Amino acid sequence: MKIIKVAQEWLGACSGCEIAMLNMGEKFFDLLKKIEMVHMPLLFDHKTFDEFQDAEIEISIVSGCVISEEHLHLLKKIREKSQKLCALGTCATHGGIPSLLNSWSTDAALKEIFSSNSKKDHLTFPNKDLSGFLDRVYALDEFVEVDILLPGCPPRPSLIREFLSKLIKGDFPSLPNKSVCDTCPTLRFGKGRKGIIKRAMENPEYDPNEPIEKMHCFLEQGYLCMGPVTLAGCAFYDAPPCIKARTPCRGCYGPVYSDGNQMLEMMNALASVGIEWKTIIDRRSLLRFSGAHGLLRPYPGSK
Amino acid sequence: MNANIHINPITRIEGHASVKIFLDEKGEVKKTRLLIHSLRGFEKFVQGRPAEEIPRIVTRICGICPWMHHLAASKAIDNCFDIRPPLAGNLLRELCHLLAHIGDKILHFFFLASPDFLIGPEKSHYSVRNIIGIAKSFPALTSKVARMRQLVHEMLESFTGRSIHPVASVVGGFSKPMLEEERKELLKAASKLLDFALFSLEFAKKDIFGPNQDLFENLGTIETGFLGMVDNSGNLELYNGNLRLMSKDGEVIDFSPEEYESYIEENVVPWSYSKVPYAKIWGKGLSLKIDDPKGVYRVNSLARINVVERISTPHAQEALEEFRNRFGRPVQNTLLYHWARLIELIYASERVIQILNKKEITDPNVRKKAEPKAGRGIGCVEAPRGTLIHDYTTDKDGCIVKANLIVGTTHNTAAMNLSVEQAARSFIKKGYIDEEIINRIEMAVRAYDP
């Protein structure tokens with residue numbers, strides 16, 4: 001059997017996706033026996049993609065968003081050298097948490113971060129020998145064709161393993177268009193209790209000695225929970241992990257349909273259980289994980 | 001002749017950085033720079049967010065130490081809202097913090113750093129100098145290491161739902177209490193972690209530190225001060241305590257994390273997106289001149305091990321005594337960060353067991369109700385990579401108006417630059433550079449676990 005070449009690279013990323021890969025444990029090593037991992041900077045000293053022929057790498061797995069010229073350059077090069085490109089994690093598929101920056105611009109961020117030394121008359125900006133920044137945070141498919149989307153912040157290790165196994169066999173895996181609510185066992189009665197969203201200042205009502213199946217749905221208790229508008233992927237055999245921790249979903253797998261809009265869809269979902277969306281204090285946060293693709297735009301008048 | 005050398009990216013580290021080495025016409029090292037490439041924008045985009053959501057956002061600063069950001073932010077937001085979590089809430093937070101330290105240290109030492117030492121120079125090609133090379137040469141060790149890492153993540157997941165990008169620490173405390181069955185299971189697993197921690201140090205002394213004595217003495221060694229957390233009696237503390245700044249001569253000043261701005265200042269330099277903090281309290285400013293650096297201090301394991309008087313757990317204290325007997329205090333040898341990391345691995349494992357044996361750990365009262373309000377809150381923990389400071393200001397609605405975050409590695413920016421320069425000067429002669437030299441220079445960075 002031909003050993004296929006796989007590369008892994010991170011762009012604007014936190015390395016959580018790579019840690020999730022390692023969290024396959026010994027199975028990660030089993031997987032590495034079946035492939036030739038030609039590039040993965042977290043673990044291997046291989047440095048650049050220059051030496052590869054066009055389309056020489058069968059599968060490239062790329063995590064992180066695109067925020068700098070260096071990321072963009074690297075992404076285009078990886079695309080050239082790869083037959084299949086898999087976007088790993090919600091930063092790569094939808095911008096992820098970094099795309100919250102799209103409420104401003106990268107310039108605004110630079111000013112904020114490098115102005116903390118208020119005593120100085122002139123601000124110094126890093127610029128020497130460093131790659132410049134794009135105007136905002138982008139997902140991979142805003143620049144190159146992406147063959148496989150594996151969102152999640154991070155995706156669960158078992159899910160990554162399943163995707164990789166299918167990719168190695170030549171398949172194009174994808175997640176079914178189900179929502180986190182479809183996989184959530186909490187009790188639902190169909191109506192919000194008070195019609196408003198409460199802030200998460202105290203724990204919801206539940207009995208810690210009872211299983212999660214006996215707890216009343218967060219949204220119906222009046223807490224913002226992104227379950228209705230978030231792609232399922234965190235739970236297959238048990239409850240969603242955040243719900244198990246007795247905390248609501250914040251939407252980390254992105255929208256149920258990859259071109260969806262979690263903000264608009266959540267407003268609809270709230271209306272359907274009789275909760276007034278205007279009582280949410282920070283509506284932009286509904287796009288906390290999916291602000292790329294032009295969905296999260298600068299505040300009016302901000303620079 | 002190579003005019004300039006750019007090692008890009010530095011590999012087997014947990015972030016994005018590169019090294020530039022500038023040579024003169026004779027091929028000798030003129031100067032070097034460690035460049036930090038990434039800019040994340042967190043200090044900007046947390047603005048306007050409700051403060052209680054911050055612990056679930058800032059986790060994404062780092063996927064390797066998300067718990068530390070989760071907890072530093074939780075502590076800071078508690079302070080903004082002027083609320084103190086119940087004892088069990090604090091203990092559960094500290095427990096998770098220590099478990100996350102354990103996973104991090106296993107990852108860094110065995111997966112990232114050990115190939116530099118266990119795979120000898122004769123096999124130093126990059127294709128074997130990595131965890132796969134280790135897996136081939138030391139299969140039993142590798143599977144043990146993989147299982148222990150896995151165990152830590154399973155412990156965190158089974159109790160808190162998530163090990164990466166956690167959610168269970170919430171303003172005012174913790175999202176769920178620990179049940180007695182959970183406590184028993186975790187305690188069983190924790191004793192395996194302690195066995196493994198003790199094994200790790202013995203293994204490293206025999207197979208890593210012993211055979212590589214010369215490297216451990218010289219590579220990247222510089223003279224600096226140190227910063228780390230201590231409790232009221234000067235014991236090692238990773239979760240809650242005062243900060244202690246030690247000069248290179250061993251003189252110490254203790255201060256509360258709330259006062260950090262009076263002791264350290266962040267400098268902006270044109271060549272890095274990381275700021276360069278220095279100890280302004282020493283009154284000499286910041287200088288990165290290799291033969292006479294000023295204002296430079298280091299953080300992370302070696303710094304913590306240097307600043308503490310003692311460690312409150314028995315096995316770790318024994319390891320500390322042996323370390324001090326051999327190397328003195330403060331220790332300046334950069335590669336000894338690795339040894340110090342393993343002492344902390346033992347401490348964290350012992351402390352986990354201590355906490356799990358406290359009867360308060362299963363108290364159902366884990367969270368106090370908070371009220372949003374205007375305030376300023378500083379939260380500080382020792383992350384694996386060093387002192388982590390989250391500083392937030394809220395408006396009357398309890399939303400963020402200002403944030404300043406100093407992450408562990410940022411404190412080490414100045415020191416890593418010096419270590420890189422020291423390594424480059426000692427290995428690069430007449431412009432000659434090869435793969436082994438490149439790796440030696442990277443090792444000087446890797447010790448800091450940036």
# chains A, B, ... in the order shown; residues from 1 in each chain; ligands from 1
call {"tool": "interface_residues", "arguments": {"of": "chain B", "to": "chain A", "cutoff": "6 Å", "atoms": "only C-alpha atoms", "output": "list of chain:residue names"}}
result
B:Thr11, B:Arg12, B:Ile13, B:Gly41, B:Lys44, B:Phe45, B:Arg60, B:Ile61, B:Cys62, B:Gly63, B:Tyr126, B:Asn130, B:Ala146, B:Gln150, B:Thr160, B:Gly161, B:Arg162, B:Ala168, B:Pro270, B:Trp271, B:Ser272, B:Tyr273, B:Lys369, B:Ala370
call {"tool": "select_by_dssp", "arguments": {"residues": "range 125-242 of chain A", "states": "helix (DSSP H, G or I)", "output": "PDB file with N, CA and C atoms, in the first residue's frame"}}
result
ATOM      1  N   LEU A 140      -9.993  30.384   5.884  1.00  0.00           N
ATOM      2  CA  LEU A 140      -9.166  29.912   4.761  1.00  0.00           C
ATOM      3  C   LEU A 140      -9.885  30.005   3.420  1.00  0.00           C
ATOM      4  N   ASP A 141     -11.187  29.648   3.405  1.00  0.00           N
ATOM      5  CA  ASP A 141     -11.864  29.550   2.104  1.00  0.00           C
ATOM      6  C   ASP A 141     -12.202  30.910   1.510  1.00  0.00           C
ATOM      7  N   GLU A 142     -11.818  31.989   2.181  1.00  0.00           N
ATOM      8  CA  GLU A 142     -11.948  33.307   1.561  1.00  0.00           C
ATOM      9  C   GLU A 142     -10.797  33.566   0.587  1.00  0.00           C
ATOM     10  N   PRO A 157     -10.849  15.055  19.755  1.00  0.00           N
ATOM     11  CA  PRO A 157      -9.832  14.148  19.220  1.00  0.00           C
ATOM     12  C   PRO A 157     -10.430  12.972  18.432  1.00  0.00           C
ATOM     13  N   SER A 158     -11.521  12.401  18.943  1.00  0.00           N
ATOM     14  CA  SER A 158     -12.104  11.250  18.245  1.00  0.00           C
ATOM     15  C   SER A 158     -12.638  11.657  16.867  1.00  0.00           C
ATOM     16  N   LEU A 159     -13.109  12.895  16.786  1.00  0.00           N
ATOM     17  CA  LEU A 159     -13.630  13.402  15.514  1.00  0.00           C
ATOM     18  C   LEU A 159     -12.483  13.624  14.523  1.00  0.00           C
ATOM     19  N   ILE A 160     -11.382  14.164  15.015  1.00  0.00           N
ATOM     20  CA  ILE A 160     -10.223  14.372  14.141  1.00  0.00           C
ATOM     21  C   ILE A 160      -9.737  13.020  13.611  1.00  0.00           C
ATOM     22  N   ARG A 161      -9.712  12.047  14.497  1.00  0.00           N
ATOM     23  CA  ARG A 161      -9.238  10.725  14.093  1.00  0.00           C
ATOM     24  C   ARG A 161     -10.143  10.127  13.018  1.00  0.00           C
ATOM     25  N   GLU A 162     -11.453  10.272  13.241  1.00  0.00           N
ATOM     26  CA  GLU A 162     -12.409   9.746  12.266  1.00  0.00           C
ATOM     27  C   GLU A 162     -12.212  10.421  10.905  1.00  0.00           C
ATOM     28  N   PHE A 163     -12.081  11.749  10.915  1.00  0.00           N
ATOM     29  CA  PHE A 163     -11.879  12.482   9.663  1.00  0.00           C
ATOM     30  C   PHE A 163     -10.585  12.045   8.975  1.00  0.00           C
ATOM     31  N   LEU A 164      -9.518  11.946   9.759  1.00  0.00           N
ATOM     32  CA  LEU A 164      -8.232  11.583   9.155  1.00  0.00           C
ATOM     33  C   LEU A 164      -8.290  10.180   8.559  1.00  0.00           C
ATOM     34  N   SER A 165      -8.901   9.259   9.280  1.00  0.00           N
ATOM     35  CA  SER A 165      -9.000   7.895   8.758  1.00  0.00           C
ATOM     36  C   SER A 165      -9.737   7.883   7.430  1.00  0.00           C
ATOM     37  N   LYS A 166     -10.817   8.650   7.344  1.00  0.00           N
ATOM     38  CA  LYS A 166     -11.589   8.699   6.094  1.00  0.00           C
ATOM     39  C   LYS A 166     -10.785   9.380   4.987  1.00  0.00           C
ATOM     40  N   LEU A 167     -10.093  10.457   5.349  1.00  0.00           N
ATOM     41  CA  LEU A 167      -9.278  11.167   4.359  1.00  0.00           C
ATOM     42  C   LEU A 167      -8.208  10.257   3.775  1.00  0.00           C
ATOM     43  N   ILE A 168      -7.591   9.477   4.653  1.00  0.00           N
ATOM     44  CA  ILE A 168      -6.515   8.582   4.201  1.00  0.00           C
ATOM     45  C   ILE A 168      -7.071   7.554   3.218  1.00  0.00           C
ATOM     46  N   VAL A 180     -26.298  21.413  18.059  1.00  0.00           N
ATOM     47  CA  VAL A 180     -25.906  20.937  19.381  1.00  0.00           C
ATOM     48  C   VAL A 180     -27.149  20.506  20.163  1.00  0.00           C
ATOM     49  N   CYS A 181     -28.266  21.240  20.014  1.00  0.00           N
ATOM     50  CA  CYS A 181     -29.513  20.854  20.711  1.00  0.00           C
ATOM     51  C   CYS A 181     -29.949  19.441  20.332  1.00  0.00           C
ATOM     52  N   ASP A 182     -29.711  19.069  19.055  1.00  0.00           N
ATOM     53  CA  ASP A 182     -30.090  17.716  18.624  1.00  0.00           C
ATOM     54  C   ASP A 182     -29.340  16.644  19.397  1.00  0.00           C
ATOM     55  N   THR A 183     -28.180  17.013  19.971  1.00  0.00           N
ATOM     56  CA  THR A 183     -27.388  16.021  20.706  1.00  0.00           C
ATOM     57  C   THR A 183     -27.412  16.276  22.209  1.00  0.00           C
ATOM     58  N   ILE A 212     -27.261  14.670  33.829  1.00  0.00           N
ATOM     59  CA  ILE A 212     -27.541  15.835  33.002  1.00  0.00           C
ATOM     60  C   ILE A 212     -28.943  15.745  32.354  1.00  0.00           C
ATOM     61  N   GLU A 213     -29.440  14.518  32.165  1.00  0.00           N
ATOM     62  CA  GLU A 213     -30.776  14.315  31.556  1.00  0.00           C
ATOM     63  C   GLU A 213     -31.898  14.911  32.410  1.00  0.00           C
ATOM     64  N   LYS A 214     -31.596  15.172  33.693  1.00  0.00           N
ATOM     65  CA  LYS A 214     -32.643  15.710  34.579  1.00  0.00           C
ATOM     66  C   LYS A 214     -32.558  17.234  34.699  1.00  0.00           C
ATOM     67  N   GLY A 227     -26.747  26.493  21.542  1.00  0.00           N
ATOM     68  CA  GLY A 227     -27.054  25.149  21.049  1.00  0.00           C
ATOM     69  C   GLY A 227     -27.912  25.089  19.786  1.00  0.00           C
ATOM     70  N   PRO A 228     -28.997  25.901  19.709  1.00  0.00           N
ATOM     71  CA  PRO A 228     -29.900  25.763  18.550  1.00  0.00           C
ATOM     72  C   PRO A 228     -29.223  26.095  17.222  1.00  0.00           C
ATOM     73  N   VAL A 229     -28.192  26.939  17.238  1.00  0.00           N
ATOM     74  CA  VAL A 229     -27.639  27.448  15.973  1.00  0.00           C
ATOM     75  C   VAL A 229     -26.186  27.027  15.786  1.00  0.00           C
ATOM     76  N   PRO A 241     -19.920  18.593  25.902  1.00  0.00           N
ATOM     77  CA  PRO A 241     -19.023  18.786  27.055  1.00  0.00           C
ATOM     78  C   PRO A 241     -19.314  20.042  27.881  1.00  0.00           C
ATOM     79  N   CYS A 242     -19.662  21.151  27.239  1.00  0.00           N
ATOM     80  CA  CYS A 242     -19.943  22.371  28.022  1.00  0.00           C
ATOM     81  C   CYS A 242     -21.202  22.177  28.861  1.00  0.00           C
TER      82      CYS A 242
END
call {"tool": "residues_around", "arguments": {"residues": "range 91-95 of chain A", "least_positions_apart": "3", "cutoff": "7 Å", "atoms": "only C-alpha atoms", "output": "PDB file with C-alpha atoms, in the first residue's frame"}}
result
ATOM      1  CA  SER A  63      -5.493  25.284  11.527  1.00  0.00           C
ATOM      2  CA  GLY A  64      -5.884  28.949  12.400  1.00  0.00           C
ATOM      3  CA  CYS A  65      -7.238  32.044  10.717  1.00  0.00           C
ATOM      4  CA  ALA A  87      -9.451  23.337   7.364  1.00  0.00           C
ATOM      5  CA  LEU A  88      -9.037  22.183  10.970  1.00  0.00           C
ATOM      6  CA  PRO A  98      -9.779  35.873  16.594  1.00  0.00           C
ATOM      7  CA  SER A  99     -12.454  37.114  14.196  1.00  0.00           C
ATOM      8  CA  VAL A 137      -9.377  38.245  10.098  1.00  0.00           C
ATOM      9  CA  TYR A 138     -10.253  35.757   7.345  1.00  0.00           C
ATOM     10  CA  ALA A 139     -11.193  32.091   7.143  1.00  0.00           C
ATOM     11  CA  LEU A 140      -9.166  29.912   4.761  1.00  0.00           C
ATOM     12  CA  LEU A 149     -14.193  21.583   6.770  1.00  0.00           C
ATOM     13  CA  PRO A 151     -14.793  22.967  12.683  1.00  0.00           C
ATOM     14  CA  GLY A 254     -19.770  27.485  14.096  1.00  0.00           C
ATOM     15  CA  PHE A 289     -16.740  31.990  16.625  1.00  0.00           C
ATOM     16  CA  SER A 290     -17.848  32.917  13.139  1.00  0.00           C
ATOM     17  CA  GLY A 291     -17.022  36.552  12.447  1.00  0.00           C
ATOM     18  CA  ALA A 292     -15.071  35.923   9.224  1.00  0.00           C
TER      19      ALA A 292
END
call {"tool": "select_by_dssp", "arguments": {"residues": "range 9-170 of chain A", "states": "strand (DSSP E)", "output": "MDAnalysis selection string"}}
result
chainID A and resid 9:10 35:39 57:63 66:68 82:88 133:138 148:150
call {"tool": "closest_residue", "arguments": {"among": "B:Ala383, B:Leu245, B:Leu186, B:Val145", "to": "Leu107 in chain B", "atoms": "only C-alpha atoms"}}
result
B:Val145
